[in-house]
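File shown here: query.pdb, holding PDB, C-alpha atoms.
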ATOM      1  CA  MET A   1      28.508   7.948  76.822
ATOM      2  CA  GLU A   2      27.674  11.104  74.909
ATOM      3  CA  LEU A   3      28.559  14.168  76.947
ATOM      4  CA  LYS A   4      26.667  17.412  76.614
ATOM      5  CA  LEU A   5      28.634  20.531  77.380
ATOM      6  CA  HIS A   6      26.029  22.605  79.186
ATOM      7  CA  LEU A   7      22.503  22.926  80.481
ATOM      8  CA  LYS A   8      20.927  24.211  77.290
ATOM      9  CA  GLN A   9      22.049  25.486  73.940
ATOM     10  CA  VAL A  10      22.420  29.238  74.072
ATOM     11  CA  LEU A  11      23.199  31.328  71.035
ATOM     12  CA  PHE A  12      24.930  34.453  72.290
ATOM     13  CA  ASP A  13      24.826  37.526  70.112
ATOM     14  CA  GLU A  14      26.270  40.587  71.840
ATOM     15  CA  LYS A  15      23.965  42.845  69.850
ATOM     16  CA  GLU A  16      20.858  40.984  70.972
ATOM     17  CA  LEU A  17      21.804  39.926  74.498
ATOM     18  CA  ASP A  18      23.538  42.219  76.965
ATOM     19  CA  LEU A  19      24.084  39.656  79.683
ATOM     20  CA  LEU A  20      24.562  35.911  79.990
ATOM     21  CA  ARG A  21      24.854  34.156  83.335
ATOM     22  CA  CYS A  22      27.154  31.146  83.133
ATOM     23  CA  ALA A  23      28.632  28.632  85.518
ATOM     24  CA  ALA A  24      31.732  26.455  85.321
ATOM     25  CA  ILE A  25      32.489  23.462  87.524
ATOM     26  CA  ASP A  26      35.924  21.854  87.574
ATOM     27  CA  ILE A  27      36.435  18.417  89.133
ATOM     28  CA  GLY A  28      40.164  18.437  89.773
ATOM     29  CA  THR A  29      42.437  15.896  91.401
ATOM     30  CA  ASN A  30      42.458  17.751  94.720
ATOM     31  CA  SER A  31      39.348  19.924  94.703
ATOM     32  CA  CYS A  32      36.013  20.617  93.084
ATOM     33  CA  ARG A  33      35.479  24.260  92.125
ATOM     34  CA  LEU A  34      32.532  26.382  91.067
ATOM     35  CA  LEU A  35      32.451  29.771  89.367
ATOM     36  CA  ILE A  36      29.274  31.649  88.482
ATOM     37  CA  ALA A  37      29.681  34.823  86.445
ATOM     38  CA  ASP A  38      27.797  37.272  84.302
ATOM     39  CA  ILE A  39      29.396  37.810  80.922
ATOM     40  CA  SER A  40      28.667  40.743  78.651
ATOM     41  CA  PRO A  41      30.369  42.813  75.951
ATOM     42  CA  GLU A  42      32.102  44.662  78.814
ATOM     43  CA  GLY A  43      33.672  41.476  80.182
ATOM     44  CA  LEU A  44      33.239  38.894  82.936
ATOM     45  CA  ARG A  45      31.875  39.709  86.381
ATOM     46  CA  SER A  46      32.318  37.028  89.043
ATOM     47  CA  LEU A  47      29.244  36.469  91.219
ATOM     48  CA  HIS A  48      30.039  33.331  93.186
ATOM     49  CA  ARG A  49      33.208  31.302  93.624
ATOM     50  CA  GLU A  50      33.555  28.223  95.789
ATOM     51  CA  THR A  51      36.154  25.505  96.307
ATOM     52  CA  ARG A  52      35.735  22.247  98.193
ATOM     53  CA  THR A  53      38.496  19.731  98.823
ATOM     54  CA  THR A  54      37.052  16.469  97.502
ATOM     55  CA  ARG A  55      40.337  14.825  96.414
ATOM     56  CA  VAL A  56      39.061  12.546  93.668
ATOM     57  CA  GLY A  57      42.724  11.588  93.160
ATOM     58  CA  GLU A  58      43.078  10.139  96.640
ATOM     59  CA  GLY A  59      45.268   7.044  96.552
ATOM     60  CA  LEU A  60      46.794   8.240  93.287
ATOM     61  CA  LYS A  61      49.230   5.629  92.011
ATOM     62  CA  ASN A  62      50.211   4.326  88.576
ATOM     63  CA  ALA A  63      46.606   3.198  88.034
ATOM     64  CA  ILE A  64      43.593   4.890  89.546
ATOM     65  CA  HIS A  65      40.496   3.195  90.861
ATOM     66  CA  ILE A  66      38.269   5.759  92.521
ATOM     67  CA  GLN A  67      36.849   4.304  95.707
ATOM     68  CA  GLU A  68      33.117   4.373  96.406
ATOM     69  CA  ASP A  69      33.398   6.807  99.334
ATOM     70  CA  VAL A  70      35.433   9.193  97.147
ATOM     71  CA  ILE A  71      32.783   9.022  94.424
ATOM     72  CA  GLU A  72      30.080   9.744  96.982
ATOM     73  CA  ARG A  73      31.797  12.790  98.458
ATOM     74  CA  ASN A  74      32.402  14.259  95.006
ATOM     75  CA  ILE A  75      28.781  13.671  94.026
ATOM     76  CA  TYR A  76      27.654  15.286  97.291
ATOM     77  CA  CYS A  77      29.685  18.352  96.287
ATOM     78  CA  LEU A  78      28.169  18.345  92.779
ATOM     79  CA  GLU A  79      24.672  18.210  94.274
ATOM     80  CA  ALA A  80      25.465  21.249  96.421
ATOM     81  CA  PHE A  81      26.905  23.124  93.452
ATOM     82  CA  LYS A  82      23.884  22.266  91.310
ATOM     83  CA  ASN A  83      21.574  23.769  93.942
ATOM     84  CA  ILE A  84      23.596  26.997  93.879
ATOM     85  CA  VAL A  85      23.538  27.057  90.066
ATOM     86  CA  GLU A  86      19.739  26.699  90.067
ATOM     87  CA  GLU A  87      19.207  29.245  92.867
ATOM     88  CA  MET A  88      21.248  31.830  90.989
ATOM     89  CA  ALA A  89      19.269  31.352  87.752
ATOM     90  CA  VAL A  90      22.245  30.289  85.665
ATOM     91  CA  GLU A  91      21.415  30.096  81.962
ATOM     92  CA  CYS A  92      24.138  27.707  80.855
ATOM     93  CA  TYR A  93      26.861  25.731  82.516
ATOM     94  CA  ARG A  94      29.616  23.256  81.804
ATOM     95  CA  VAL A  95      31.125  20.619  84.086
ATOM     96  CA  VAL A  96      34.652  19.467  83.272
ATOM     97  CA  ALA A  97      36.967  16.918  84.881
ATOM     98  CA  THR A  98      40.723  16.740  84.509
ATOM     99  CA  SER A  99      43.716  14.570  85.370
ATOM    100  CA  ALA A 100      42.383  12.070  87.933
ATOM    101  CA  LEU A 101      39.223  11.243  86.010
ATOM    102  CA  ARG A 102      41.140  11.147  82.725
ATOM    103  CA  GLU A 103      43.235   8.321  84.149
ATOM    104  CA  ALA A 104      40.630   6.553  86.276
ATOM    105  CA  GLU A 105      39.964   2.972  85.224
ATOM    106  CA  ASN A 106      36.411   3.291  86.555
ATOM    107  CA  GLN A 107      35.738   6.659  84.917
ATOM    108  CA  GLU A 108      32.434   5.448  83.438
ATOM    109  CA  GLU A 109      31.211   4.340  86.861
ATOM    110  CA  PHE A 110      31.882   7.822  88.233
ATOM    111  CA  LEU A 111      30.115   9.505  85.302
ATOM    112  CA  ARG A 112      27.064   7.224  85.526
ATOM    113  CA  SER A 113      26.754   7.743  89.284
ATOM    114  CA  ALA A 114      27.054  11.505  88.893
ATOM    115  CA  TRP A 115      24.377  11.548  86.208
ATOM    116  CA  LYS A 116      22.046   9.344  88.231
ATOM    117  CA  LYS A 117      22.338  11.486  91.369
ATOM    118  CA  THR A 118      22.603  14.965  89.862
ATOM    119  CA  ALA A 119      21.515  14.792  86.185
ATOM    120  CA  MET A 120      24.742  16.682  85.453
ATOM    121  CA  GLN A 121      26.782  15.384  82.553
ATOM    122  CA  ILE A 122      30.519  15.700  83.042
ATOM    123  CA  GLN A 123      32.958  16.221  80.210
ATOM    124  CA  VAL A 124      36.330  14.618  80.880
ATOM    125  CA  ILE A 125      38.564  16.951  78.906
ATOM    126  CA  SER A 126      41.937  16.157  77.389
ATOM    127  CA  SER A 127      45.137  17.666  78.745
ATOM    128  CA  GLU A 128      45.306  19.813  75.584
ATOM    129  CA  GLU A 129      41.804  21.183  76.180
ATOM    130  CA  GLU A 130      42.615  21.799  79.842
ATOM    131  CA  ALA A 131      45.697  23.810  78.879
ATOM    132  CA  ARG A 132      43.817  25.730  76.172
ATOM    133  CA  LEU A 133      41.067  26.742  78.588
ATOM    134  CA  SER A 134      43.600  27.752  81.244
ATOM    135  CA  TYR A 135      45.430  29.858  78.673
ATOM    136  CA  LEU A 136      42.152  31.498  77.659
ATOM    137  CA  GLY A 137      41.451  32.342  81.299
ATOM    138  CA  VAL A 138      44.918  33.830  81.783
ATOM    139  CA  SER A 139      44.938  35.818  78.537
ATOM    140  CA  ARG A 140      41.557  37.371  79.360
ATOM    141  CA  GLY A 141      42.457  37.948  83.003
ATOM    142  CA  LEU A 142      45.954  39.378  82.415
ATOM    143  CA  PRO A 143      45.665  41.109  79.026
ATOM    144  CA  TYR A 144      48.759  43.258  79.651
ATOM    145  CA  LEU A 145      51.089  40.222  79.527
ATOM    146  CA  GLU A 146      52.433  39.619  76.044
ATOM    147  CA  SER A 147      52.860  35.996  74.966
ATOM    148  CA  PRO A 148      52.921  34.403  78.430
ATOM    149  CA  LEU A 149      54.007  30.853  79.137
ATOM    150  CA  VAL A 150      51.134  29.443  81.195
ATOM    151  CA  ALA A 151      51.833  26.621  83.641
ATOM    152  CA  ASP A 152      48.791  24.940  85.194
ATOM    153  CA  LEU A 153      49.921  22.941  88.223
ATOM    154  CA  GLY A 154      47.103  20.815  89.582
ATOM    155  CA  GLY A 155      46.855  17.848  91.882
ATOM    156  CA  GLY A 156      47.677  15.254  89.250
ATOM    157  CA  SER A 157      49.247  16.969  86.247
ATOM    158  CA  LEU A 158      51.294  19.915  85.039
ATOM    159  CA  GLU A 159      50.314  21.509  81.741
ATOM    160  CA  LEU A 160      52.416  24.139  79.995
ATOM    161  CA  ILE A 161      51.199  26.030  76.972
ATOM    162  CA  LEU A 162      52.676  28.777  74.857
ATOM    163  CA  GLU A 163      50.586  30.125  72.006
ATOM    164  CA  GLY A 164      51.862  31.929  68.963
ATOM    165  CA  ALA A 165      53.210  31.198  65.503
ATOM    166  CA  GLU A 166      54.828  28.003  66.784
ATOM    167  CA  PRO A 167      52.729  26.927  69.787
ATOM    168  CA  ILE A 168      54.186  24.588  72.389
ATOM    169  CA  PHE A 169      52.136  22.289  74.604
ATOM    170  CA  LEU A 170      53.425  19.901  77.259
ATOM    171  CA  SER A 171      51.494  17.745  79.719
ATOM    172  CA  LEU A 172      53.446  16.034  82.479
ATOM    173  CA  PRO A 173      52.126  13.464  85.005
ATOM    174  CA  LEU A 174      53.151  15.621  87.928
ATOM    175  CA  GLY A 175      51.031  17.379  90.543
ATOM    176  CA  ALA A 176      50.933  18.151  94.240
ATOM    177  CA  VAL A 177      48.702  15.199  95.173
ATOM    178  CA  ARG A 178      50.491  12.769  92.861
ATOM    179  CA  ALA A 179      53.929  13.810  94.182
ATOM    180  CA  MET A 180      52.775  13.308  97.773
ATOM    181  CA  GLU A 181      51.008   9.997  97.124
ATOM    182  CA  GLN A 182      54.045   8.613  95.305
ATOM    183  CA  ASN A 183      56.538  10.258  97.706
ATOM    184  CA  LEU A 184      58.557  11.567  94.765
ATOM    185  CA  LYS A 185      62.141  12.615  95.454
ATOM    186  CA  ILE A 186      63.623  15.748  93.893
ATOM    187  CA  THR A 187      65.553  13.639  91.383
ATOM    188  CA  GLU A 188      62.333  11.853  90.390
ATOM    189  CA  ILE A 189      60.452  15.141  89.930
ATOM    190  CA  ASN A 190      63.296  16.456  87.783
ATOM    191  CA  ALA A 191      63.162  13.262  85.710
ATOM    192  CA  VAL A 192      59.437  13.775  85.013
ATOM    193  CA  MET A 193      60.151  17.374  83.967
ATOM    194  CA  SER A 194      63.071  16.406  81.720
ATOM    195  CA  PRO A 195      61.049  17.029  78.483
ATOM    196  CA  LEU A 196      61.216  20.736  79.334
ATOM    197  CA  ALA A 197      64.916  20.732  78.494
ATOM    198  CA  PHE A 198      64.133  20.194  74.808
ATOM    199  CA  HIS A 199      62.019  23.378  74.715
ATOM    200  CA  LYS A 200      63.990  25.503  77.159
ATOM    201  CA  ASN A 201      65.345  27.978  74.602
ATOM    202  CA  ASP A 202      61.845  28.559  73.198
ATOM    203  CA  LEU A 203      60.142  28.843  76.597
ATOM    204  CA  ALA A 204      62.704  30.839  78.582
ATOM    205  CA  PRO A 205      62.088  34.315  77.019
ATOM    206  CA  HIS A 206      58.400  34.339  77.937
ATOM    207  CA  PRO A 207      56.950  35.505  81.286
ATOM    208  CA  LEU A 208      55.949  32.504  83.399
ATOM    209  CA  VAL A 209      52.354  32.653  84.629
ATOM    210  CA  MET A 210      51.182  30.001  87.054
ATOM    211  CA  VAL A 211      47.622  28.972  87.815
ATOM    212  CA  GLY A 212      46.320  26.432  90.296
ATOM    213  CA  GLY A 213      45.949  26.045  94.039
ATOM    214  CA  THR A 214      49.652  25.852  94.850
ATOM    215  CA  ALA A 215      50.489  29.179  93.221
ATOM    216  CA  THR A 216      47.512  31.086  94.629
ATOM    217  CA  THR A 217      48.137  29.608  98.089
ATOM    218  CA  LEU A 218      51.756  30.801  98.038
ATOM    219  CA  VAL A 219      50.529  34.368  97.503
ATOM    220  CA  ALA A 220      47.970  33.967 100.302
ATOM    221  CA  ILE A 221      50.690  32.688 102.658
ATOM    222  CA  LYS A 222      53.054  35.517 101.683
ATOM    223  CA  HIS A 223      50.407  38.092 102.618
ATOM    224  CA  SER A 224      49.035  36.092 105.598
ATOM    225  CA  LEU A 225      45.482  36.349 104.266
ATOM    226  CA  LEU A 226      43.093  35.364 107.038
ATOM    227  CA  GLN A 227      40.294  35.373 104.467
ATOM    228  CA  TYR A 228      41.053  34.505 100.870
ATOM    229  CA  ASP A 229      40.495  37.435  98.532
ATOM    230  CA  PRO A 230      41.041  36.709  94.804
ATOM    231  CA  SER A 231      41.623  40.410  94.084
ATOM    232  CA  LEU A 232      44.658  40.377  96.395
ATOM    233  CA  VAL A 233      46.085  37.312  94.641
ATOM    234  CA  HIS A 234      45.452  37.891  90.957
ATOM    235  CA  GLY A 235      48.421  39.298  89.059
ATOM    236  CA  GLN A 236      50.804  39.149  92.025
ATOM    237  CA  LEU A 237      54.518  38.540  91.450
ATOM    238  CA  LEU A 238      56.431  35.984  93.500
ATOM    239  CA  LYS A 239      60.215  36.001  93.542
ATOM    240  CA  ARG A 240      62.048  32.693  93.673
ATOM    241  CA  GLU A 241      63.651  33.608  97.003
ATOM    242  CA  GLU A 242      60.209  34.324  98.477
ATOM    243  CA  ILE A 243      58.929  30.930  97.335
ATOM    244  CA  ALA A 244      62.069  29.240  98.683
ATOM    245  CA  ASP A 245      61.596  30.914 102.077
ATOM    246  CA  ILE A 246      57.989  29.723 102.235
ATOM    247  CA  TYR A 247      59.038  26.211 101.196
ATOM    248  CA  ASN A 248      61.696  26.000 103.905
ATOM    249  CA  MET A 249      59.184  27.198 106.495
ATOM    250  CA  LEU A 250      56.586  24.637 105.363
ATOM    251  CA  GLU A 251      59.117  21.794 105.397
ATOM    252  CA  ARG A 252      60.154  22.549 108.984
ATOM    253  CA  MET A 253      56.609  23.041 110.240
ATOM    254  CA  PRO A 254      54.660  20.046 111.645
ATOM    255  CA  LEU A 255      51.399  19.302 109.851
ATOM    256  CA  ASN A 256      49.242  20.325 112.825
ATOM    257  CA  LEU A 257      50.865  23.781 112.879
ATOM    258  CA  ARG A 258      50.795  24.053 109.090
ATOM    259  CA  ARG A 259      47.015  23.670 109.207
ATOM    260  CA  ARG A 260      46.822  26.859 111.272
ATOM    261  CA  LEU A 261      49.083  28.922 109.036
ATOM    262  CA  PRO A 262      47.379  32.140 107.812
ATOM    263  CA  GLY A 263      46.698  31.963 104.106
ATOM    264  CA  LEU A 264      46.805  28.160 103.926
ATOM    265  CA  GLN A 265      43.597  26.143 103.715
ATOM    266  CA  PRO A 266      43.822  23.346 106.317
ATOM    267  CA  GLU A 267      42.771  20.805 103.656
ATOM    268  CA  ARG A 268      45.772  21.763 101.523
ATOM    269  CA  ALA A 269      48.324  21.634 104.331
ATOM    270  CA  ASP A 270      49.530  18.102 103.528
ATOM    271  CA  ILE A 271      50.207  18.704  99.826
ATOM    272  CA  ILE A 272      51.453  22.310  99.773
ATOM    273  CA  PRO A 273      55.165  21.465 100.345
ATOM    274  CA  TRP A 274      55.051  19.077  97.396
ATOM    275  CA  GLY A 275      53.426  21.618  95.110
ATOM    276  CA  THR A 276      55.882  24.312  96.205
ATOM    277  CA  ARG A 277      58.810  22.013  95.484
ATOM    278  CA  ILE A 278      57.508  21.474  91.946
ATOM    279  CA  VAL A 279      57.182  25.246  91.418
ATOM    280  CA  LEU A 280      60.784  25.815  92.504
ATOM    281  CA  LEU A 281      62.160  23.037  90.307
ATOM    282  CA  LEU A 282      60.158  24.323  87.323
ATOM    283  CA  MET A 283      61.565  27.821  87.831
ATOM    284  CA  ASP A 284      65.096  26.446  88.072
ATOM    285  CA  ILE A 285      64.778  24.456  84.846
ATOM    286  CA  LEU A 286      63.454  27.503  82.986
ATOM    287  CA  GLU A 287      65.876  29.830  84.833
ATOM    288  CA  LYS A 288      63.051  32.056  86.054
ATOM    289  CA  GLY A 289      63.565  34.433  88.941
ATOM    290  CA  GLU A 290      59.865  35.206  89.352
ATOM    291  CA  ILE A 291      56.373  34.063  88.429
ATOM    292  CA  THR A 292      53.097  35.893  87.927
ATOM    293  CA  VAL A 293      50.158  34.242  89.681
ATOM    294  CA  SER A 294      46.783  34.286  87.950
ATOM    295  CA  GLU A 295      43.522  33.718  89.747
ATOM    296  CA  SER A 296      41.864  33.658  86.332
ATOM    297  CA  ASP A 297      42.349  30.125  85.035
ATOM    298  CA  LEU A 298      40.472  27.094  83.728
ATOM    299  CA  LEU A 299      37.140  28.176  85.256
ATOM    300  CA  GLU A 300      37.221  31.568  83.553
ATOM    301  CA  GLY A 301      38.308  29.836  80.356
ATOM    302  CA  VAL A 302      35.248  27.580  80.539
ATOM    303  CA  ILE A 303      32.985  30.610  81.091
ATOM    304  CA  TRP A 304      34.480  32.399  78.082
ATOM    305  CA  SER A 305      34.117  29.254  75.979
ATOM    306  CA  LEU A 306      30.403  29.167  76.777
ATOM    307  CA  ALA A 307      29.994  32.759  75.628
TER
END
Serialized structure, structure tokens:
Amino acid sequence: MELKLHLKQVLFDEKELDLLRCAAIDIGTNSCRLLIADISPEGLRSLHRETRTTRVGEGLKNAIHIQEDVIERNIYCLEAFKNIVEEMAVECYRVVATSALREAENQEEFLRSAWKKTAMQIQVISSEEEARLSYLGVSRGLPYLESPLVADLGGGSLELILEGAEPIFLSLPLGAVRAMEQNLKITEINAVMSPLAFHKNDLAPHPLVMVGGTATTLVAIKHSLLQYDPSLVHGQLLKREEIADIYNMLERMPLNLRRRLPGLQPERADIIPWGTRIVLLLMDILEKGEITVSESDLLEGVIWSLA
């Protein structure tokens, strides 16, 4: 199936066009996300951001067959997002899918159903493209950080990318949903992350920036955000001891109480301890005492790629 990247071909010349309204949709393992933004020579201005927990990676095992009800709920979300895109007069958009759909044995069935119901063509991007777009989002969103190591922890995979004269890219089959579904022990998580040891000396000197729902949720929990505010999350530092304290609290807390914890989306309450455990183990391997959390990630990278 030939995949088109966006609604219509737009040639963007900053001298001829002051403003371009773009949208990015990301179908991740745990959630489906939408960002609509105006982009101009002055930068990117977010207009609408929305996340829905659709968990396309539900039942994530060694092989993935996406069940019919999971396909339907993701398509329902895409239909809702398409209505918003049309109502807000978006000029171009791009829909991407990551880890779960990359691995799904019935990927084509999902794509055909989505096209039939929504007329939206989805691009299943490679792990390299996912990392590149995340890095683009971080570098534009945190321009003061020099040569960051970007770690994108999703529901089904962990991508690490370091750009420069000798770029490094790693994609590991490790995410919050996957770890929960497979009930991975600490030793098993460390085994999956063992390739990091070969690059440790090259990666360690660079500031670690994390994107993804686990990292942003940890900031929201730290500040007990009753209503999620990206401006209060973006660029925040988290110390390892702070993350460890949150992890210990989450581990002791029953799921029904976790769902009521300020800063934690109820739909993420089951997977957040697993994601937090991965963050801590990653920091230990790289000997990092802190991370910078970026709200600007894959979605912003997609928007910039359209412009």
Quick one: of A:Ala220, A:Ile278, A:Ile84, A:Ile64, who's nearest to A:Arg102, counting all atoms listed in the file? A:Ile64
The PyMOL selection byres ((chain A and resi 174) around 7) applied to the shown file, residues as JSON, numbers by chain: {"A": [156, 157, 158, 172, 173, 175, 178, 179]}
Can you tell me, as a VMD selection string, what residues are no more than 12 Å from stretch 184-187 of chain A when counting all atoms listed in the file, ignoring any on the same chain fewer than 4 positions away? chain A and resid 61 173 to 180 191 to 194 273 to 282
Return as a PyMOL selection string the set of residues that the PyMOL selection byres ((chain A and resi 239-252) around 12) yields on the displayed structure. chain A and resi 208+214-224+236-238+253-261+263-264+268-284+286-293
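You will find atom CA of A:Tyr228 at 17.3 Å from atom CA of A:Ile36.
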Here is a test: counting all atoms listed in the file, which residue of A:Gly154, A:Pro143, A:Val233, A:Ile285 is nearest to A:Ile189? A:Ile285
Atom CA of A:Phe110 to atom CA of A:Cys32 measures 14.3 Å
Give the padded box for stretch 17-35 of chain A as JSON: axis-aligned, covering all atoms listed in the file, 6 Å on each side, centre and edge lengths in Å to one decimal.
{"center_x": 32.1, "center_y": 29.1, "center_z": 84.6, "size_x": 32.7, "size_y": 38.3, "size_z": 32.2}
